Amino acid sequence: MTQRVNYLLITLFSVLLAACSSSSQQGRYAMEHDAAPLRKPTELEMQDAIVTPVVKSASASRPYEVRGKRYTPMLDETGYSEEGIASWYGRKFHNYHTSNGEVYDMFAMTAAHKTLPLPSFARVTNLDNGKSVIVRVNDRGPFHDDRIIDLSYSAAYKLGYYRQGTARVKVEAVTLANSAPRLSYIQVAAGSTLANVEALAFQLRQQYHVPTNIVEKDGIYRLRLGPIKDAAEAQAVLEKLKQNQFQNAFLLYSE
């Protein structure tokens, strides 16, 4: 009887030890590897984050160290602009707390950055297709030397790189002082013969009732529609252009 009790105790201890070991390997997150959600974001979920007055997190403003590298957060993001590689994060981190105590939602317009104040706002532009989003920065990361920002799944989806995983982007801090909407342009086509580009410009003015302008650089004439002050209108015109043979058209923003 004593031997049987000892055997049961040893078995129970082994099971508990295995469970603890498994739990420690998984760490804080239930998933070992990140993954995309099981649905695409809705139009509402892909709307830009609204720039509002915020109170910076004191704890997230302190210098910190990750993987032996020390980071010093900015106290003022005004004027920040940088180009580099963006990645995105999804289901593994969904519903877990971010670095400033908010809850990460992979369908919200948010981002992680190593040194921008938390929270703050940034405009991220995909340099390969001209698409742009405004995100709320509420987390730290990505801790890879070749990446400058980690976007939520919805933001990456809107920028068109959620399948590739990374994209070349420009990140610009957005504050209340500089958050007024910029004028939109849509680059439609380019060619080396001015007369052809002008003829197309006339046709598109009649069809879309939008001003056009032609920009020349290195002997190439680029046809742009605009300016269009309303971002929603610009997006609607862009979608119509893409459906009407101009699949390579993309949005630009005035400086």
# chains A, B, ... in the order shown; residues from 1 in each chain; ligands from 1
$ residues_around --residues "range 144-146 of chain A" --least-positions-apart "6" --cutoff "12 Å" --atoms "only C-alpha atoms" --output "tab-separated table (two decimals) with N, CA, C and O atoms, in the first residue's frame"
chain	number	residue	atom	x	y	z
A	66	VAL	N	16.62	45.86	-23.79
A	66	VAL	CA	16.10	44.62	-24.36
A	66	VAL	C	17.22	43.93	-25.12
A	66	VAL	O	17.88	44.55	-25.95
A	67	ARG	N	17.44	42.65	-24.79
A	67	ARG	CA	18.47	41.85	-25.47
A	67	ARG	C	19.83	42.53	-25.45
A	67	ARG	O	20.57	42.53	-26.43
A	69	LYS	N	20.55	45.65	-25.40
A	69	LYS	CA	20.62	46.96	-26.04
A	69	LYS	C	19.75	47.94	-25.28
A	69	LYS	O	18.62	47.62	-24.90
A	83	GLU	N	12.79	56.70	-42.36
A	83	GLU	CA	12.44	55.67	-43.33
A	83	GLU	C	13.11	54.37	-42.97
A	83	GLU	O	14.25	54.36	-42.46
A	84	GLY	N	12.42	53.26	-43.19
A	84	GLY	CA	12.98	51.96	-42.86
A	84	GLY	C	11.98	50.86	-43.14
A	84	GLY	O	11.05	51.03	-43.93
A	85	ILE	N	12.15	49.74	-42.47
A	85	ILE	CA	11.32	48.57	-42.68
A	85	ILE	C	10.27	48.45	-41.58
A	85	ILE	O	10.57	48.57	-40.40
A	86	ALA	N	9.02	48.21	-41.99
A	86	ALA	CA	7.93	47.97	-41.05
A	86	ALA	C	7.54	46.50	-41.10
A	86	ALA	O	7.60	45.86	-42.15
A	87	SER	N	7.16	45.96	-39.95
A	87	SER	CA	6.59	44.62	-39.87
A	87	SER	C	5.22	44.75	-39.23
A	87	SER	O	4.72	45.85	-39.02
A	113	HIS	N	6.75	51.03	-31.37
A	113	HIS	CA	7.97	51.75	-31.77
A	113	HIS	C	8.93	51.74	-30.60
A	113	HIS	O	8.51	51.79	-29.45
A	114	LYS	N	10.21	51.72	-30.89
A	114	LYS	CA	11.19	51.58	-29.81
A	114	LYS	C	11.35	52.83	-28.97
A	114	LYS	O	11.62	52.74	-27.77
A	166	THR	N	6.63	42.42	-44.39
A	166	THR	CA	7.38	43.66	-44.17
A	166	THR	C	7.22	44.57	-45.39
A	166	THR	O	6.84	44.13	-46.47
A	167	ALA	N	7.54	45.87	-45.17
A	167	ALA	CA	7.46	46.84	-46.27
A	167	ALA	C	8.39	48.00	-45.96
A	167	ALA	O	8.71	48.28	-44.81
A	168	ARG	N	8.81	48.68	-47.02
A	168	ARG	CA	9.59	49.91	-46.86
A	168	ARG	C	8.62	51.05	-46.58
A	168	ARG	O	7.67	51.26	-47.34
$ residues_around --residues "range 89-92 of chain A" --least-positions-apart "3" --cutoff "8 Å" --atoms "only C-alpha atoms" --output "JSON, numbers by chain"
{"A": [29, 30, 31, 32, 33, 34, 35, 36, 37, 106, 150, 151, 152, 153]}
$ closest_atom_pairs --of "range 138-219 of chain A" --to "range 116-132 of chain A" --cutoff "12 Å" --atoms "only C-alpha atoms" --output "CSV"
residue,atom,partner,partner_atom,distance
A:Asn138,CA,A:Pro119,CA,4.8
A:Asp139,CA,A:Leu118,CA,7.0
A:Arg140,CA,A:Leu118,CA,8.5
A:Gly141,CA,A:Leu116,CA,10.2
A:Ile148,CA,A:Leu116,CA,10.6
A:Ile149,CA,A:Val124,CA,9.1
A:Asp150,CA,A:Val124,CA,10.6
A:Leu151,CA,A:Val124,CA,9.2
A:Ser152,CA,A:Val124,CA,11.8
A:Ala155,CA,A:Val124,CA,9.0
A:Ala156,CA,A:Asn126,CA,9.4
A:Tyr157,CA,A:Lys131,CA,10.6
A:Lys158,CA,A:Lys131,CA,7.6
A:Leu159,CA,A:Lys131,CA,5.4
A:Gly160,CA,A:Lys131,CA,7.8
A:Tyr161,CA,A:Asn126,CA,8.5
A:Tyr162,CA,A:Asn126,CA,11.7
A:Thr166,CA,A:Asn126,CA,10.1
A:Ala167,CA,A:Asn126,CA,6.7
A:Arg168,CA,A:Leu127,CA,5.6
A:Val169,CA,A:Asn126,CA,4.5
A:Lys170,CA,A:Thr125,CA,5.2
A:Val171,CA,A:Val124,CA,4.6
A:Glu172,CA,A:Arg123,CA,5.1
A:Ala173,CA,A:Ala122,CA,4.3
A:Val174,CA,A:Ala122,CA,4.9
A:Thr175,CA,A:Phe121,CA,6.7
A:Leu176,CA,A:Phe121,CA,9.4
A:Ala177,CA,A:Phe121,CA,11.8
A:Asn178,CA,A:Ala122,CA,10.8
A:Ser179,CA,A:Phe121,CA,9.5
A:Pro181,CA,A:Arg123,CA,11.3
A:Arg182,CA,A:Arg123,CA,11.6
A:Ser184,CA,A:Ser132,CA,10.9
A:Tyr185,CA,A:Gly130,CA,10.4
A:Ile186,CA,A:Gly130,CA,9.4
A:Gln187,CA,A:Gly130,CA,9.4
$ write_last_selection --atoms "N, CA and C atoms" --output "short mmCIF file (atom, residue, chain, number, x, y, z; two decimals), in the first residue's frame"
data_model
loop_
_atom_site.label_atom_id
_atom_site.label_comp_id
_atom_site.auth_asym_id
_atom_site.auth_seq_id
_atom_site.Cartn_x
_atom_site.Cartn_y
_atom_site.Cartn_z
N ASN A 138 1.33 52.70 -29.13
CA ASN A 138 1.06 52.38 -27.73
C ASN A 138 1.86 51.19 -27.22
N ASP A 139 2.91 50.81 -27.95
CA ASP A 139 3.68 49.64 -27.56
C ASP A 139 5.14 49.82 -27.94
N ARG A 140 6.01 48.98 -27.36
CA ARG A 140 7.43 49.00 -27.68
C ARG A 140 7.77 47.86 -28.64
N GLY A 141 8.75 48.09 -29.50
CA GLY A 141 9.18 47.12 -30.49
C GLY A 141 9.28 47.83 -31.83
N ILE A 148 11.91 49.41 -38.07
CA ILE A 148 11.72 50.63 -37.27
C ILE A 148 10.34 50.71 -36.62
N ILE A 149 9.37 49.94 -37.11
CA ILE A 149 8.02 50.01 -36.54
C ILE A 149 7.29 48.70 -36.78
N ASP A 150 6.43 48.35 -35.84
CA ASP A 150 5.59 47.16 -35.91
C ASP A 150 4.14 47.64 -35.94
N LEU A 151 3.40 47.34 -36.99
CA LEU A 151 2.02 47.81 -37.09
C LEU A 151 1.03 46.71 -36.73
N SER A 152 -0.15 47.13 -36.35
CA SER A 152 -1.23 46.17 -36.13
C SER A 152 -1.58 45.52 -37.46
N ALA A 155 -3.56 47.86 -39.80
CA ALA A 155 -2.73 48.89 -40.43
C ALA A 155 -1.91 48.30 -41.57
N ALA A 156 -1.33 47.12 -41.33
CA ALA A 156 -0.54 46.46 -42.38
C ALA A 156 -1.43 46.07 -43.56
N TYR A 157 -2.65 45.65 -43.26
CA TYR A 157 -3.60 45.28 -44.31
C TYR A 157 -3.92 46.51 -45.17
N LYS A 158 -4.18 47.63 -44.53
CA LYS A 158 -4.50 48.85 -45.27
C LYS A 158 -3.32 49.32 -46.11
N LEU A 159 -2.10 49.13 -45.61
CA LEU A 159 -0.92 49.54 -46.36
C LEU A 159 -0.53 48.52 -47.43
N GLY A 160 -1.20 47.36 -47.44
CA GLY A 160 -1.01 46.42 -48.53
C GLY A 160 0.19 45.50 -48.41
N TYR A 161 0.71 45.28 -47.18
CA TYR A 161 1.86 44.39 -47.07
C TYR A 161 1.65 43.25 -46.07
N TYR A 162 0.41 43.00 -45.70
CA TYR A 162 0.17 41.97 -44.68
C TYR A 162 0.58 40.58 -45.17
N THR A 166 6.63 42.42 -44.39
CA THR A 166 7.38 43.66 -44.17
C THR A 166 7.22 44.57 -45.39
N ALA A 167 7.54 45.87 -45.17
CA ALA A 167 7.46 46.84 -46.27
C ALA A 167 8.39 48.00 -45.96
N ARG A 168 8.81 48.68 -47.02
CA ARG A 168 9.59 49.91 -46.86
C ARG A 168 8.62 51.05 -46.58
N VAL A 169 8.84 51.75 -45.48
CA VAL A 169 7.89 52.79 -45.09
C VAL A 169 8.61 54.07 -44.66
N LYS A 170 7.81 55.14 -44.61
CA LYS A 170 8.24 56.39 -43.99
C LYS A 170 7.35 56.61 -42.79
N VAL A 171 7.96 56.88 -41.64
CA VAL A 171 7.21 57.11 -40.40
C VAL A 171 7.39 58.56 -39.99
N GLU A 172 6.28 59.28 -39.80
CA GLU A 172 6.32 60.69 -39.41
C GLU A 172 5.43 60.90 -38.19
N ALA A 173 5.97 61.53 -37.17
CA ALA A 173 5.17 61.82 -35.98
C ALA A 173 4.06 62.80 -36.34
N VAL A 174 2.88 62.56 -35.78
CA VAL A 174 1.73 63.44 -35.99
C VAL A 174 1.29 63.97 -34.63
N THR A 175 1.21 65.29 -34.52
CA THR A 175 0.73 65.92 -33.30
C THR A 175 -0.50 66.75 -33.63
N LEU A 176 -1.17 67.27 -32.63
CA LEU A 176 -2.33 68.11 -32.88
C LEU A 176 -1.97 69.32 -33.74
N ALA A 177 -0.74 69.78 -33.57
CA ALA A 177 -0.31 70.97 -34.33
C ALA A 177 -0.16 70.70 -35.81
N ASN A 178 0.19 69.47 -36.17
CA ASN A 178 0.42 69.18 -37.59
C ASN A 178 -0.52 68.12 -38.16
N SER A 179 -1.66 67.89 -37.47
CA SER A 179 -2.55 66.82 -37.89
C SER A 179 -3.64 67.26 -38.85
N PRO A 181 -5.51 67.76 -42.16
CA PRO A 181 -5.40 66.91 -43.34
C PRO A 181 -4.64 67.59 -44.47
N ARG A 182 -3.74 66.83 -45.10
CA ARG A 182 -2.99 67.37 -46.23
C ARG A 182 -3.76 67.13 -47.52
N SER A 184 -4.58 65.71 -51.05
CA SER A 184 -4.28 64.44 -51.74
C SER A 184 -4.12 64.65 -53.22
N TYR A 185 -3.21 63.88 -53.82
CA TYR A 185 -3.08 63.77 -55.27
C TYR A 185 -3.12 62.29 -55.61
N ILE A 186 -3.53 62.00 -56.83
CA ILE A 186 -3.51 60.62 -57.29
C ILE A 186 -2.64 60.56 -58.53
N GLN A 187 -1.54 59.83 -58.45
CA GLN A 187 -0.72 59.65 -59.65
C GLN A 187 -1.34 58.56 -60.49
#
$ select_by_dssp --residues "range 60-161 of chain A" --states "strand (DSSP E or B)" --output "VMD selection string"
chain A and resid 64 to 66 69 to 71 81 to 89 97 103 110 to 112 120 to 126 132 to 139 149 to 152
$ atom_distance --atom1 "CA of Ala201 in chain A" --atom2 "CA of Val133 in chain A"
27.9 Å
$ closest_residue --among "A:Leu75, A:Tyr208, A:Ala112, A:Leu183" --to "Leu241 in chain A" --atoms "only C-alpha atoms"
A:Tyr208
$ select_by_dssp --residues "range 14-165 of chain A" --states "helix (DSSP H, G or I)" --output "JSON, numbers by chain"
{"A": [14, 15, 16, 17, 18, 19, 20, 21, 22, 23, 24, 25, 26, 59, 60, 61, 153, 154, 155, 156, 157, 158, 159]}
$ atom_distance --atom1 "CA of Gly191 in chain A" --atom2 "CA of Ile214 in chain A"
10.5 Å
$ closest_residue --among "A:Ala58, A:Ala190, A:Val137, A:Tyr71" --to "Tyr104 in chain A" --atoms "only C-alpha atoms"
A:Val137
$ atom_distance --atom1 "CA of Val237 in chain A" --atom2 "CA of Arg224 in chain A"
12.0 Å
$ closest_residue --among "A:Leu200, A:Gly101, A:Arg163, A:Arg70" --to "Lys56 in chain A" --atoms "only C-alpha atoms"
A:Gly101
$ residues_around --residues "Gln47 in chain A" --least-positions-apart "4" --cutoff "10 Å" --atoms "only C-alpha atoms" --output "ChimeraX atom specification"
/A:42-43,108-109,133-135,154-155,158
$ write_last_selection --atoms "all heavy atoms" --output "PDB file, in the first residue's frame"
ATOM      1  N   THR A  42     -12.499  45.094 -41.186  1.00  0.00           N
ATOM      2  CA  THR A  42     -13.616  45.793 -41.822  1.00  0.00           C
ATOM      3  C   THR A  42     -13.175  47.188 -42.248  1.00  0.00           C
ATOM      4  O   THR A  42     -12.096  47.669 -41.861  1.00  0.00           O
ATOM      5  CB  THR A  42     -14.798  45.913 -40.854  1.00  0.00           C
ATOM      6  OG1 THR A  42     -14.405  46.755 -39.748  1.00  0.00           O
ATOM      7  CG2 THR A  42     -15.213  44.548 -40.322  1.00  0.00           C
ATOM      8  N   GLU A  43     -14.007  47.854 -43.043  1.00  0.00           N
ATOM      9  CA  GLU A  43     -13.704  49.224 -43.459  1.00  0.00           C
ATOM     10  C   GLU A  43     -13.592  50.145 -42.244  1.00  0.00           C
ATOM     11  O   GLU A  43     -12.729  51.030 -42.200  1.00  0.00           O
ATOM     12  CB  GLU A  43     -14.801  49.735 -44.404  1.00  0.00           C
ATOM     13  CG  GLU A  43     -14.787  49.094 -45.770  1.00  0.00           C
ATOM     14  CD  GLU A  43     -13.515  49.387 -46.546  1.00  0.00           C
ATOM     15  OE1 GLU A  43     -13.007  50.528 -46.440  1.00  0.00           O
ATOM     16  OE2 GLU A  43     -13.026  48.497 -47.255  1.00  0.00           O
ATOM     17  N   ALA A 108      -7.221  47.198 -34.430  1.00  0.00           N
ATOM     18  CA  ALA A 108      -7.194  48.645 -34.202  1.00  0.00           C
ATOM     19  C   ALA A 108      -6.007  49.253 -34.946  1.00  0.00           C
ATOM     20  O   ALA A 108      -5.064  48.550 -35.324  1.00  0.00           O
ATOM     21  CB  ALA A 108      -7.096  48.951 -32.713  1.00  0.00           C
ATOM     22  N   MET A 109      -6.057  50.553 -35.191  1.00  0.00           N
ATOM     23  CA  MET A 109      -4.967  51.239 -35.890  1.00  0.00           C
ATOM     24  C   MET A 109      -3.892  51.652 -34.889  1.00  0.00           C
ATOM     25  O   MET A 109      -3.843  52.796 -34.427  1.00  0.00           O
ATOM     26  CB  MET A 109      -5.506  52.457 -36.633  1.00  0.00           C
ATOM     27  CG  MET A 109      -6.087  52.130 -37.977  1.00  0.00           C
ATOM     28  SD  MET A 109      -4.826  51.563 -39.122  1.00  0.00           S
ATOM     29  CE  MET A 109      -5.883  50.973 -40.444  1.00  0.00           C
ATOM     30  N   VAL A 133      -1.354  55.527 -43.579  1.00  0.00           N
ATOM     31  CA  VAL A 133      -2.274  55.378 -42.448  1.00  0.00           C
ATOM     32  C   VAL A 133      -1.754  56.211 -41.275  1.00  0.00           C
ATOM     33  O   VAL A 133      -0.565  56.513 -41.203  1.00  0.00           O
ATOM     34  CB  VAL A 133      -2.418  53.907 -41.983  1.00  0.00           C
ATOM     35  CG1 VAL A 133      -2.993  53.029 -43.067  1.00  0.00           C
ATOM     36  CG2 VAL A 133      -1.072  53.357 -41.492  1.00  0.00           C
ATOM     37  N   ILE A 134      -2.662  56.570 -40.378  1.00  0.00           N
ATOM     38  CA  ILE A 134      -2.271  57.194 -39.118  1.00  0.00           C
ATOM     39  C   ILE A 134      -2.564  56.201 -38.008  1.00  0.00           C
ATOM     40  O   ILE A 134      -3.672  55.658 -37.926  1.00  0.00           O
ATOM     41  CB  ILE A 134      -3.015  58.508 -38.869  1.00  0.00           C
ATOM     42  CG1 ILE A 134      -2.605  59.546 -39.918  1.00  0.00           C
ATOM     43  CG2 ILE A 134      -2.716  59.052 -37.460  1.00  0.00           C
ATOM     44  CD1 ILE A 134      -3.322  60.871 -39.788  1.00  0.00           C
ATOM     45  N   VAL A 135      -1.568  55.923 -37.180  1.00  0.00           N
ATOM     46  CA  VAL A 135      -1.704  54.926 -36.120  1.00  0.00           C
ATOM     47  C   VAL A 135      -1.431  55.557 -34.758  1.00  0.00           C
ATOM     48  O   VAL A 135      -0.749  56.582 -34.655  1.00  0.00           O
ATOM     49  CB  VAL A 135      -0.734  53.746 -36.329  1.00  0.00           C
ATOM     50  CG1 VAL A 135      -1.098  52.959 -37.574  1.00  0.00           C
ATOM     51  CG2 VAL A 135       0.716  54.236 -36.404  1.00  0.00           C
ATOM     52  N   SER A 154      -4.495  45.351 -38.938  1.00  0.00           N
ATOM     53  CA  SER A 154      -5.351  46.219 -39.749  1.00  0.00           C
ATOM     54  C   SER A 154      -4.539  47.279 -40.482  1.00  0.00           C
ATOM     55  O   SER A 154      -4.793  47.575 -41.656  1.00  0.00           O
ATOM     56  CB  SER A 154      -6.424  46.891 -38.882  1.00  0.00           C
ATOM     57  OG  SER A 154      -7.462  45.997 -38.581  1.00  0.00           O
ATOM     58  N   ALA A 155      -3.562  47.863 -39.798  1.00  0.00           N
ATOM     59  CA  ALA A 155      -2.729  48.888 -40.431  1.00  0.00           C
ATOM     60  C   ALA A 155      -1.906  48.297 -41.568  1.00  0.00           C
ATOM     61  O   ALA A 155      -1.790  48.888 -42.648  1.00  0.00           O
ATOM     62  CB  ALA A 155      -1.829  49.539 -39.389  1.00  0.00           C
ATOM     63  N   LYS A 158      -4.177  47.631 -44.528  1.00  0.00           N
ATOM     64  CA  LYS A 158      -4.501  48.854 -45.275  1.00  0.00           C
ATOM     65  C   LYS A 158      -3.316  49.324 -46.114  1.00  0.00           C
ATOM     66  O   LYS A 158      -3.504  49.839 -47.219  1.00  0.00           O
ATOM     67  CB  LYS A 158      -4.938  49.954 -44.307  1.00  0.00           C
ATOM     68  CG  LYS A 158      -5.424  51.218 -45.014  1.00  0.00           C
ATOM     69  CD  LYS A 158      -6.031  52.205 -44.035  1.00  0.00           C
ATOM     70  CE  LYS A 158      -6.558  53.443 -44.761  1.00  0.00           C
ATOM     71  NZ  LYS A 158      -7.183  54.410 -43.833  1.00  0.00           N
TER      72      LYS A 158
END
$ residues_around --residues "Thr115 in chain A" --least-positions-apart "5" --cutoff "7 Å" --atoms "only C-alpha atoms" --output "VMD selection string"
chain A and resid 71 to 74
$ write_last_selection --atoms "C-alpha atoms" --output "PDB file, in the first residue's frame"
ATOM      1  CA  TYR A  71      16.861  52.466 -25.584  1.00  0.00           C
ATOM      2  CA  THR A  72      16.039  56.021 -24.507  1.00  0.00           C
ATOM      3  CA  PRO A  73      12.480  57.106 -25.403  1.00  0.00           C
ATOM      4  CA  MET A  74      11.869  60.567 -26.838  1.00  0.00           C
TER       5      MET A  74
END
$ closest_residue --among "A:Asn95, A:Thr193, A:Asn213, A:Thr52" --to "Phe107 in chain A" --atoms "only C-alpha atoms"
A:Asn95
$ closest_residue --among "A:Tyr96, A:Ala49, A:Ala232, A:Tyr80" --to "Ala111 in chain A" --atoms "only C-alpha atoms"
A:Ala49
$ decode --residues "range 97-128 of chain A" --atoms "N, CA and C atoms" --output "short mmCIF file (atom, residue, chain, number, x, y, z; two decimals), in the first residue's frame"
data_model
loop_
_atom_site.label_atom_id
_atom_site.label_comp_id
_atom_site.auth_asym_id
_atom_site.auth_seq_id
_atom_site.Cartn_x
_atom_site.Cartn_y
_atom_site.Cartn_z
N HIS A 97 -1.56 43.02 -22.80
CA HIS A 97 -1.26 44.43 -22.52
C HIS A 97 -0.05 44.91 -23.31
N THR A 98 -0.16 46.16 -23.78
CA THR A 98 0.97 46.80 -24.45
C THR A 98 1.89 47.43 -23.40
N SER A 99 2.95 48.06 -23.87
CA SER A 99 3.95 48.62 -22.95
C SER A 99 3.43 49.77 -22.11
N ASN A 100 2.37 50.45 -22.54
CA ASN A 100 1.83 51.54 -21.72
C ASN A 100 0.53 51.14 -21.02
N GLY A 101 0.25 49.82 -20.97
CA GLY A 101 -0.88 49.34 -20.21
C GLY A 101 -2.18 49.20 -20.97
N GLU A 102 -2.22 49.64 -22.23
CA GLU A 102 -3.41 49.43 -23.04
C GLU A 102 -3.47 47.97 -23.49
N VAL A 103 -4.60 47.55 -24.01
CA VAL A 103 -4.75 46.18 -24.49
C VAL A 103 -4.57 46.16 -26.01
N TYR A 104 -3.69 45.30 -26.49
CA TYR A 104 -3.43 45.24 -27.92
C TYR A 104 -4.61 44.63 -28.66
N ASP A 105 -5.05 45.33 -29.70
CA ASP A 105 -6.13 44.87 -30.56
C ASP A 105 -5.58 44.84 -31.98
N MET A 106 -5.44 43.66 -32.56
CA MET A 106 -4.84 43.56 -33.89
C MET A 106 -5.71 44.19 -34.98
N PHE A 107 -6.98 44.49 -34.64
CA PHE A 107 -7.87 45.14 -35.61
C PHE A 107 -7.97 46.65 -35.39
N ALA A 108 -7.22 47.20 -34.43
CA ALA A 108 -7.19 48.64 -34.20
C ALA A 108 -6.01 49.25 -34.95
N MET A 109 -6.06 50.55 -35.19
CA MET A 109 -4.97 51.24 -35.89
C MET A 109 -3.89 51.65 -34.89
N THR A 110 -3.03 50.70 -34.52
CA THR A 110 -2.00 50.97 -33.52
C THR A 110 -0.64 50.49 -34.03
N ALA A 111 0.39 50.78 -33.24
CA ALA A 111 1.75 50.39 -33.64
C ALA A 111 2.67 50.32 -32.43
N ALA A 112 3.78 49.64 -32.64
CA ALA A 112 4.85 49.56 -31.65
C ALA A 112 6.09 50.24 -32.21
N HIS A 113 6.75 51.03 -31.37
CA HIS A 113 7.97 51.75 -31.77
C HIS A 113 8.93 51.74 -30.60
N LYS A 114 10.21 51.72 -30.89
CA LYS A 114 11.19 51.58 -29.81
C LYS A 114 11.35 52.83 -28.97
N THR A 115 11.18 54.03 -29.56
CA THR A 115 11.50 55.25 -28.79
C THR A 115 10.45 56.36 -28.86
N LEU A 116 9.44 56.27 -29.71
CA LEU A 116 8.41 57.31 -29.71
C LEU A 116 7.68 57.32 -28.37
N PRO A 117 7.24 58.49 -27.89
CA PRO A 117 6.50 58.53 -26.61
C PRO A 117 5.24 57.67 -26.69
N LEU A 118 4.86 57.11 -25.55
CA LEU A 118 3.63 56.32 -25.47
C LEU A 118 2.62 57.03 -24.60
N PRO A 119 1.39 57.24 -25.08
CA PRO A 119 1.03 57.07 -26.50
C PRO A 119 1.40 58.29 -27.32
N SER A 120 1.48 58.08 -28.62
CA SER A 120 1.65 59.18 -29.57
C SER A 120 1.06 58.72 -30.90
N PHE A 121 1.16 59.56 -31.91
CA PHE A 121 0.55 59.22 -33.19
C PHE A 121 1.58 59.37 -34.31
N ALA A 122 1.43 58.55 -35.33
CA ALA A 122 2.38 58.61 -36.45
C ALA A 122 1.67 58.30 -37.75
N ARG A 123 2.13 58.97 -38.80
CA ARG A 123 1.67 58.65 -40.15
C ARG A 123 2.70 57.69 -40.76
N VAL A 124 2.23 56.56 -41.26
CA VAL A 124 3.11 55.57 -41.87
C VAL A 124 2.72 55.43 -43.34
N THR A 125 3.68 55.63 -44.23
CA THR A 125 3.43 55.57 -45.66
C THR A 125 4.23 54.45 -46.29
N ASN A 126 3.55 53.59 -47.03
CA ASN A 126 4.23 52.51 -47.76
C ASN A 126 4.92 53.14 -48.97
N LEU A 127 6.24 53.09 -49.00
CA LEU A 127 6.99 53.76 -50.06
C LEU A 127 6.88 53.06 -51.41
N ASP A 128 6.36 51.84 -51.42
CA ASP A 128 6.23 51.11 -52.68
C ASP A 128 4.90 51.35 -53.38
#
